[in-house]
There are 4 protein chains.
Amino acid sequence: ISTIRQIQYPEQTREFDSRLTKTGRRSLSHSISHSSTDSNSSGGSDAENPEDEVSPRDMQQINSKGNMDFCIKNIKLADFGRREIELAEDEMTALMALRKAAQGEKPLAAAKIVGCTHVTAQTAVLFETLKVLGAQCRWAACNIYSTQDEVAAALAEQDFPVFAWKGESEDDFWWCIDRCVNVEGWEPNMILDDGGDMTHWIYKKYPHLFKKVKGIVEESITGIHRLHQLSKAGKLCVPAINVNDSVTKQKFDNLYCCRESILDSLKKTTDIMFGGKQVAICGYGEVGKGCSAALKAMGSVVYVTEIDPICALQACMDGFRLAKLGDVVRHVDMVITCTGNKNVVVREHMDLMKNGCVVCNMGRSNTEIDVNSLQTPELVWQHVRAQVDHIIWPDGKRIVLLAEGRVLNLSSSTVPIYVLSITATTQALALIELFNAPEGRYKQDVYLLPKKLDEYVASLHLQTFDAHLTELTDEQAKYMGLSKYGPFKPSYYR
Amino acid sequence: ISTIRQIQYPEQTREFDSRLTKTGRRSLSHSISHSSTDSNSSGGSDAENPEDEVSPRDMQQINSKGNMDFCIKNIKLADFGRREIELAEDEMTALMALRKAAQGEKPLAAAKIVGCTHVTAQTAVLFETLKVLGAQCRWAACNIYSTQDEVAAALAEQDFPVFAWKGESEDDFWWCIDRCVNVEGWEPNMILDDGGDMTHWIYKKYPHLFKKVKGIVEESITGIHRLHQLSKAGKLCVPAINVNDSVTKQKFDNLYCCRESILDSLKKTTDIMFGGKQVAICGYGEVGKGCSAALKAMGSVVYVTEIDPICALQACMDGFRLAKLGDVVRHVDMVITCTGNKNVVVREHMDLMKNGCVVCNMGRSNTEIDVNSLQTPELVWQHVRAQVDHIIWPDGKRIVLLAEGRVLNLSSSTVPIYVLSITATTQALALIELFNAPEGRYKQDVYLLPKKLDEYVASLHLQTFDAHLTELTDEQAKYMGLSKYGPFKPSYYR
Amino acid sequence: ISTIRQIQYPEQTREFDSRLTKTGRRSLSHSISHSSTDSNSSGGSDAENPEDEVSPRDMQQINSKGNMDFCIKNIKLADFGRREIELAEDEMTALMALRKAAQGEKPLAAAKIVGCTHVTAQTAVLFETLKVLGAQCRWAACNIYSTQDEVAAALAEQDFPVFAWKGESEDDFWWCIDRCVNVEGWEPNMILDDGGDMTHWIYKKYPHLFKKVKGIVEESITGIHRLHQLSKAGKLCVPAINVNDSVTKQKFDNLYCCRESILDSLKKTTDIMFGGKQVAICGYGEVGKGCSAALKAMGSVVYVTEIDPICALQACMDGFRLAKLGDVVRHVDMVITCTGNKNVVVREHMDLMKNGCVVCNMGRSNTEIDVNSLQTPELVWQHVRAQVDHIIWPDGKRIVLLAEGRVLNLSSSTVPIYVLSITATTQALALIELFNAPEGRYKQDVYLLPKKLDEYVASLHLQTFDAHLTELTDEQAKYMGLSKYGPFKPSYYR
Amino acid sequence: ISTIRQIQYPEQTREFDSRLTKTGRRSLSHSISHSSTDSNSSGGSDAENPEDEVSPRDMQQINSKGNMDFCIKNIKLADFGRREIELAEDEMTALMALRKAAQGEKPLAAAKIVGCTHVTAQTAVLFETLKVLGAQCRWAACNIYSTQDEVAAALAEQDFPVFAWKGESEDDFWWCIDRCVNVEGWEPNMILDDGGDMTHWIYKKYPHLFKKVKGIVEESITGIHRLHQLSKAGKLCVPAINVNDSVTKQKFDNLYCCRESILDSLKKTTDIMFGGKQVAICGYGEVGKGCSAALKAMGSVVYVTEIDPICALQACMDGFRLAKLGDVVRHVDMVITCTGNKNVVVREHMDLMKNGCVVCNMGRSNTEIDVNSLQTPELVWQHVRAQVDHIIWPDGKRIVLLAEGRVLNLSSSTVPIYVLSITATTQALALIELFNAPEGRYKQDVYLLPKKLDEYVASLHLQTFDAHLTELTDEQAKYMGLSKYGPFKPSYYR
């Protein structure tokens, strides 16, 4: 089913792939890792037999208050879901702080938001925050597998119009989206999207509504790409904010998360000992910097490959040997790709690797390692355990391929809730900004999150660390030519 | 004398100070540390008695080939100076590689460059490179104290028109500059400036020449500020390249150099042991990041203060406690300012410091520590050794103030030749670019070094590290939508 | 059943516990982590119903060569087991190098070894090495759950007398041991033990054989303790080597492994993000040093507690704040015990912890965290997932207790094969040493592995890292007063 | 003059050299770095003309109290010296804490100590502490150049019998020592020695006094060697404590100090930038570990050479490539020796080095680099600045030799006062221990400082770091089988 949806936009995907910068990778990861897409994509499923069950669409449910404006798996799961949401609230302190700070002001009063994101405990905290800030929301899932049914039930029990369940069909998927938009006497004026499907639906089916929308907040690279295409074609009549490329979110998605998840993912799959191992890391962008730092700290000897001399010089100054992969591939114990490019590790490299060499990809999609070149008769594939294959050469040499070349930490690691909190807070602020922006601040284009809001997201998350910001004095602010409340750096500052 | 020149533009300097970003700091440092300004500023001098000597202007010299188109201290120093230049060539491998690579092509043929920079062995390598690449040059010093007379002699001996000596008077200074420009039958078409004096002189005195100039390359923050002012006033009729803010140069000036010089400077002045010491570092920009990393590596416990939440979050993720200075100042052993701001450490902080606390500034100028507040009757100043004062409180408590609050590593450390090589290579490439740019590429404005050239500077310097760049395949370049030869990253990438 | 065995020596265990040094912890870990003891100790089992099956003792099997001198689960598993052994050989390069180096010499010719260790692919490589080096061996399992039946089958198929299966009863356990010793016309002269049961059995049941034994090699802390007791009582009539406390093994068990497994274990259980988190680490011995270094490298702020001023000073010089637990426990996000002591974290500490604080033990046994104090009516235990419990205070605060206070990395991490290789190589060399030692070198006492052999184990493992040792020249050896072939350091050197 | 003293014991020195372990290096360093030996050894002197002056021996001085029992340069310097001592007291907080803690108890009442050490502000704090603790002391200098005359004056002014001045002759040296011992009606019962000269003098000249001495505390490797020789010869009739090899002192002398001083020394001599540089470090003992860690942290790529497989494995696990010097010497930018061995870097290596390679020694004495092999006609030596020579090959290649191969940080760095404080505190405690030890605790042998006192030294120094030790509960102490007050670790623990 998921395949069908992908087939629907084949040329887009290709075009999209060809222009992606590396920085986009983790928002993808977030989507996938929090859906069940990944685990289900290999064909199996969690022993659920959807055919046997009555579809939620055919089964009218009602919550304890008599409300029926929702469509979910099972309203009885509400209590369990509420506990999950409460646990998530405990951990999403930044978003809860925003909720508390702004609840008096109600900056989203009169906002009518249709949302299409994953439906999980964490996103529930986001949607309930939007409600507290004054918004009316309707919500569908952006992925047919990722919904936590108990969370949907908890929302429904609180009269939240949610239309989502785990294991939707393709048809269900669009039906749910339509139920959010197509409401008697209610017209959405804001879109919160993750993947662009809600935006696409309204644009195609309800062009008159689309024109009245005040703003779109989009989280995924795919969705942002679609918006850019609309914009290029002169058909985007609404301002949109790209929340994926904010500085705060990017640093966490790429540098800080990867620094931890590379270790985690390798241990979970291989139990390799890092100390003393020689590792080639291809690419020294944020992902490569994170991976290199982590492995160096664990006592590995790291070689870096780069095409960009400036990143290469940074690698040198950070104490890494800069080499070509072909020159070190014979003696390294691991090769990790982090380039966002294709065919970075090819068959010629793998022919040279020593017995037991581990090969994996922390970059983007599944292009970096030329896995196809290993699909030849003389090589034997041995599936060792989840995410681990041994490829055996005729002379007995074996290399250890992880996640079949797909992005390793999406497959074998989880996104820390801290990062989900950054995403959700960014989304909430982007909605508030677009909804309240004075006439003319935003044209019909795709914007980055304003620097000042990016800084605000960061400041909300500092509280978790018991961290204390210094405030500029009036005199200092004047001396620096800055507002006391930011933004503090030029917009390009990373 | 140097004071006179400063007095000449007092309002400019003030205005300039008020808008400087932190990133500008080290180019200043470079200027100062390579002039003799610093060592002479305390009043003394190297036992030279300028009054007793005949001024070079009154003493016609002639080189071994019969040439007299220069004005220097003593042509007999040429051999010694040549050895100094040769040693510098040995270490400036990147610039020499550029010289070799481009000498066939002669990209500066027909270029007539007037230069006004420090006159040292390292800059001599630059100027001789420009000559090899086809340019005709005339050269004056940008600082009345910083000229290495033996180097000037070596250049003069090779028929290089150089007008500079150590210990020029204010009048000499402008006379030398004029001798570069005001030449019968020769008109400059390029300016290489460090401080803006050459540009200013031509702009003011020879406006007809100024209009014919093809481009200006400016190194210093002061000079760049002046260019921006000209530009804002609509009077800049020539494109200019700001070589100070290139990525490569900035990373070295701020992050990589400071990481080393903070340790070096502290040891040279205090002999303090870093292990186990508690240190407050104010500001977590590039300079603060470098200082924090170095001290952490030496076993210090580092606290960071920040005003910008994004930098603050980076400090947290790098493992530093984020605190307000007032909250930690009682128990730290050192306070280091790296903010570019003013009055970051004030009397109230210093009153709270414990006995023996070291206070110093790695940021910009001398504003960060409120040294004036220590100039009160109840405090005793004890000058302990060069760059070190003890300030003694009535109860006997003493704090250790380094370099009287001026930038520490400018006073007590030296700029590695590697960084000078980056500057010189950047200057040469900027000249080539401006001189050869097709009509229309550059307007009458101040530009940053094109990303591609920035990358080229980096690639030339990689060779020092025996570092091997990977080249994109045609297929990969196409996939990424990049040229095989760069630029590889968006211009804002740091 | 396992309880029965523990009950058998209650006073020993207690006494043993009271004198253990921290350094002993991981050999224990090794034993446990490679048995199924841990996962079964909570009562459940892998859905095996031993009662339903025919016991191997009642089911005579025969290998393809007609040999029947073994007792295992199922000889048909031999092929599968052989592949497992071959994979292990690939990774245990040091042991294989020893096998190859010594196979001509046959240093164990005439050795008759009875072994009692875990029966796994890795130990099979050890036993087959002993055989290649000339020994005759008979082998039983030291743990009733840890046997890999397919490996036992592979050995039996090669005529190796092995008596072991997964899921032995207490009676089976001793029966298997007896089958190794009580053989018509064959008398063991060497013992390889892990836990002391084989030694105990021979000492008790076959005192006449015990006297003829040339040497004992013991791996576990428990076994070493028993040997020391025998020795103290004057009843140890055989020299023994304690292989647990060799420098090489200790460094890996404690420092290098824990540096990696602390991260691994925490991620597997909690998905916590390390960056910016505040962590209290109790104890700065080798385990504490490893944990502290790893978390610091991941961007955590680490506080250390210590009782020993010398270790405390090391923590300071390594850049950690030294604090009392009570002083930091309110604001840390994690508390990790590494002391080897008891009641290091008590109820009073846990009452002060903030919501969400993670508590775990990397030290020894289950004494460090006073888990009993949490078994009170006002606290609610919520079992969240394997190894993770939430303990909920009346006000809603919850702390996250990992592995119920047992050693975390034993429960949730695996021992890298590299460490198993160090153990096995050490055991082999100890056997060779004892068997070939000239009369009088070893008395009837418990010895550490001779420094020179310890160095040899290290040198064999260096090959994995493509590491090249320097050899002393004759002149240098003489100057240093050393043999060219070691030992190079005094025996106390760590 | 200094040469004469060295000639006096030539065979001893040689023998001493041949057995020294590396760990002894820094106590030597301490001695040298705090004398003026080093700066004077090249022949010159600080423009003092000893011949012109009246010798202190010929010039009776008297202090303000009428006391004349001292012999120093100039009593008028007393005030200046007192300020120096007070500043030292400020920084030697551990020793001052000991002074305060024990002054009531007076553990050295009745002790009559003759001392022979450097006479500096720091040692003055030690001697005045001994006095406060009840001892009577007489004091001579252990080095003819290292005395701070103003400090000696301050002591004399306080009636302290001190016999020392800067620039003693050989004859003066022994005269001063004799004035300490040969006193009417006063017999020493304790010796505090640094080099063994006082001990030697009493042993030779006053054997009847030697027999009555209760204990000797010796600081230097040379002195310890002499004591061991006496002991071996059966002539040591007094217990002695070797304070050089205590754990605390060793860690600081070798690991922690070198980690800082390697950077400091290289910067002071060469201004080299560390980032990206390739460095070979010979030897991975404590000194090598410190140097490697420091350079790695600064972004250098470090290769380690080792002869000892256990240290080699540690290097691997710490992330360093282990190589033979010959295999990497062609491409490294620096070679640093830390072995304690001889001819580690030989001419063949230096012939292979690349242009500009820096060579230096952080190990012991001047044997590690075969400097003699560079004294050949085809090589040109160019003295560039203090501690820096360029050696130029016929093809123009130059290597940069630091400190002529002598120990680098002794020549170009200073010992932090923190380390001097550790030494002084250790000496004080050793004197107290020997003076108060019950009959029989110490035989006529050379002892290490008891572990418990070593721990006490550490605990006194923790206070500087605002570090808080945890105390064992009674229950915990019992569980561990330890006293609550230590010692906490076995004596071999490092």
# chains A, B, ... in the order shown; residues from 1 in each chain; ligands from 1

call {"tool": "closest_atom_pairs", "arguments": {"of": "chain C", "to": "chain A", "cutoff": "9 Å", "atoms": "only C-alpha atoms", "output": "Markdown table"}}
result
| residue | atom | partner | partner_atom | distance |
| --- | --- | --- | --- | --- |
| C:Asp90 | CA | A:Gly356 | CA | 8.4 |
| C:Glu91 | CA | A:Gly356 | CA | 8.4 |
| C:Tyr256 | CA | A:Gly275 | CA | 7.3 |
| C:Cys257 | CA | A:Met273 | CA | 7.9 |
| C:Arg259 | CA | A:Met298 | CA | 7.4 |
| C:Glu260 | CA | A:Met298 | CA | 7.0 |
| C:Ser261 | CA | A:Lys267 | CA | 8.9 |
| C:Leu263 | CA | A:Asp264 | CA | 7.6 |
| C:Asp264 | CA | A:Asp264 | CA | 5.9 |
| C:Lys267 | CA | A:Asp264 | CA | 6.6 |
| C:Lys268 | CA | A:Asp264 | CA | 7.9 |
| C:Asp271 | CA | A:Pro416 | CA | 6.1 |
| C:Ile272 | CA | A:Pro416 | CA | 6.4 |
| C:Met273 | CA | A:Pro416 | CA | 6.0 |
| C:Phe274 | CA | A:Glu260 | CA | 7.6 |
| C:Gly275 | CA | A:Tyr256 | CA | 7.3 |
| C:Gly276 | CA | A:Phe465 | CA | 6.2 |
| C:Lys277 | CA | A:Phe465 | CA | 6.6 |
| C:Gln278 | CA | A:Phe465 | CA | 7.8 |
| C:Ala293 | CA | A:Ala297 | CA | 8.3 |
| C:Ala294 | CA | A:Met298 | CA | 7.0 |
| C:Ala297 | CA | A:Ala297 | CA | 5.9 |
| C:Met298 | CA | A:Glu260 | CA | 7.0 |
| C:His331 | CA | A:Asp466 | CA | 8.1 |
| C:Asn355 | CA | A:Asp90 | CA | 8.5 |
| C:Gly356 | CA | A:Glu91 | CA | 8.3 |
| C:Ser413 | CA | A:Asp271 | CA | 8.5 |
| C:Thr414 | CA | A:Asp271 | CA | 7.0 |
| C:Val415 | CA | A:Asp271 | CA | 7.9 |
| C:Pro416 | CA | A:Met273 | CA | 6.0 |
| C:Ile417 | CA | A:Ile272 | CA | 8.1 |
| C:Tyr418 | CA | A:Met273 | CA | 7.3 |
| C:Thr464 | CA | A:Lys277 | CA | 8.6 |
| C:Phe465 | CA | A:Gly276 | CA | 6.2 |
| C:Asp466 | CA | A:His331 | CA | 8.1 |

call {"tool": "residues_around", "arguments": {"residues": "range 92-98 of chain C", "least_positions_apart": "2", "cutoff": "10 Å", "atoms": "only C-alpha atoms", "output": "ChimeraX atom specification"}}
result
/C:86-90,100-103,122,125-126,129,133,417-426,428-429,456-464

call {"tool": "select_by_dssp", "arguments": {"residues": "range 179-220 of chain C", "states": "strand (DSSP E)", "output": "number ranges by chain"}}
result
C: 190-193, 215-218

call {"tool": "residues_around", "arguments": {"residues": "range 305-313 of chain A", "least_positions_apart": "2", "cutoff": "6 Å", "atoms": "only C-alpha atoms", "output": "PDB file with C-alpha atoms, in the first residue's frame"}}
result
ATOM      1  CA  CYS A 282      33.119   9.336   4.103  1.00  0.00           C
ATOM      2  CA  GLY A 283      32.025  12.939   4.362  1.00  0.00           C
ATOM      3  CA  TYR A 284      32.769  15.544   7.024  1.00  0.00           C
ATOM      4  CA  ALA A 315      38.861  17.407   9.474  1.00  0.00           C
ATOM      5  CA  CYS A 316      42.624  17.947   9.509  1.00  0.00           C
ATOM      6  CA  LEU A 322      42.269  12.935   5.253  1.00  0.00           C
ATOM      7  CA  ALA A 323      42.514  10.127   2.725  1.00  0.00           C
ATOM      8  CA  LYS A 324      40.909   8.740  -0.363  1.00  0.00           C
TER       9      LYS A 324
ATOM     10  CA  GLU B 455      37.738  26.428  -1.236  1.00  0.00           C
ATOM     11  CA  ALA B 458      41.765  25.546   1.665  1.00  0.00           C
ATOM     12  CA  SER B 459      42.830  22.963  -0.906  1.00  0.00           C
ATOM     13  CA  LEU B 469      40.914  15.136  -1.346  1.00  0.00           C
ATOM     14  CA  THR B 470      38.409  12.930  -3.087  1.00  0.00           C
ATOM     15  CA  GLU B 471      37.176  14.074  -6.482  1.00  0.00           C
ATOM     16  CA  PHE B 488      30.591  22.486  -2.973  1.00  0.00           C
TER      17      PHE B 488
END

call {"tool": "decode", "arguments": {"residues": "range 143-158 of chain D", "atoms": "N, CA and C atoms", "output": "PDB file, in the first residue's frame"}}
result
ATOM      1  N   ASN D 143      72.321  22.903  45.810  1.00  0.00           N
ATOM      2  CA  ASN D 143      72.774  23.296  44.479  1.00  0.00           C
ATOM      3  C   ASN D 143      73.435  24.655  44.602  1.00  0.00           C
ATOM      4  N   ILE D 144      74.564  24.824  43.989  1.00  0.00           N
ATOM      5  CA  ILE D 144      75.343  26.048  44.218  1.00  0.00           C
ATOM      6  C   ILE D 144      74.746  27.276  43.533  1.00  0.00           C
ATOM      7  N   TYR D 145      73.784  27.071  42.633  1.00  0.00           N
ATOM      8  CA  TYR D 145      73.218  28.212  41.911  1.00  0.00           C
ATOM      9  C   TYR D 145      71.776  28.544  42.275  1.00  0.00           C
ATOM     10  N   SER D 146      71.079  27.623  42.924  1.00  0.00           N
ATOM     11  CA  SER D 146      69.622  27.766  42.964  1.00  0.00           C
ATOM     12  C   SER D 146      69.082  28.594  44.124  1.00  0.00           C
ATOM     13  N   THR D 147      69.952  29.018  45.029  1.00  0.00           N
ATOM     14  CA  THR D 147      69.446  29.738  46.205  1.00  0.00           C
ATOM     15  C   THR D 147      68.856  31.105  45.843  1.00  0.00           C
ATOM     16  N   GLN D 148      67.663  31.371  46.394  1.00  0.00           N
ATOM     17  CA  GLN D 148      67.104  32.733  46.314  1.00  0.00           C
ATOM     18  C   GLN D 148      67.619  33.496  47.524  1.00  0.00           C
ATOM     19  N   ASP D 149      68.564  34.387  47.325  1.00  0.00           N
ATOM     20  CA  ASP D 149      69.236  35.049  48.447  1.00  0.00           C
ATOM     21  C   ASP D 149      68.272  35.813  49.348  1.00  0.00           C
ATOM     22  N   GLU D 150      67.237  36.386  48.759  1.00  0.00           N
ATOM     23  CA  GLU D 150      66.292  37.155  49.573  1.00  0.00           C
ATOM     24  C   GLU D 150      65.516  36.239  50.512  1.00  0.00           C
ATOM     25  N   VAL D 151      65.253  35.028  50.049  1.00  0.00           N
ATOM     26  CA  VAL D 151      64.541  34.073  50.892  1.00  0.00           C
ATOM     27  C   VAL D 151      65.444  33.628  52.045  1.00  0.00           C
ATOM     28  N   ALA D 152      66.681  33.346  51.710  1.00  0.00           N
ATOM     29  CA  ALA D 152      67.624  32.984  52.772  1.00  0.00           C
ATOM     30  C   ALA D 152      67.690  34.095  53.816  1.00  0.00           C
ATOM     31  N   ALA D 153      67.682  35.339  53.347  1.00  0.00           N
ATOM     32  CA  ALA D 153      67.740  36.476  54.274  1.00  0.00           C
ATOM     33  C   ALA D 153      66.517  36.514  55.177  1.00  0.00           C
ATOM     34  N   ALA D 154      65.351  36.282  54.587  1.00  0.00           N
ATOM     35  CA  ALA D 154      64.124  36.306  55.387  1.00  0.00           C
ATOM     36  C   ALA D 154      64.167  35.249  56.479  1.00  0.00           C
ATOM     37  N   LEU D 155      64.680  34.080  56.153  1.00  0.00           N
ATOM     38  CA  LEU D 155      64.789  33.014  57.149  1.00  0.00           C
ATOM     39  C   LEU D 155      65.779  33.409  58.244  1.00  0.00           C
ATOM     40  N   ALA D 156      66.914  33.911  57.833  1.00  0.00           N
ATOM     41  CA  ALA D 156      67.941  34.294  58.796  1.00  0.00           C
ATOM     42  C   ALA D 156      67.399  35.354  59.761  1.00  0.00           C
ATOM     43  N   GLU D 157      66.636  36.261  59.201  1.00  0.00           N
ATOM     44  CA  GLU D 157      66.057  37.318  60.028  1.00  0.00           C
ATOM     45  C   GLU D 157      65.138  36.729  61.103  1.00  0.00           C
ATOM     46  N   GLN D 158      64.550  35.578  60.809  1.00  0.00           N
ATOM     47  CA  GLN D 158      63.698  34.895  61.803  1.00  0.00           C
ATOM     48  C   GLN D 158      64.484  33.886  62.635  1.00  0.00           C
TER      49      GLN D 158
END
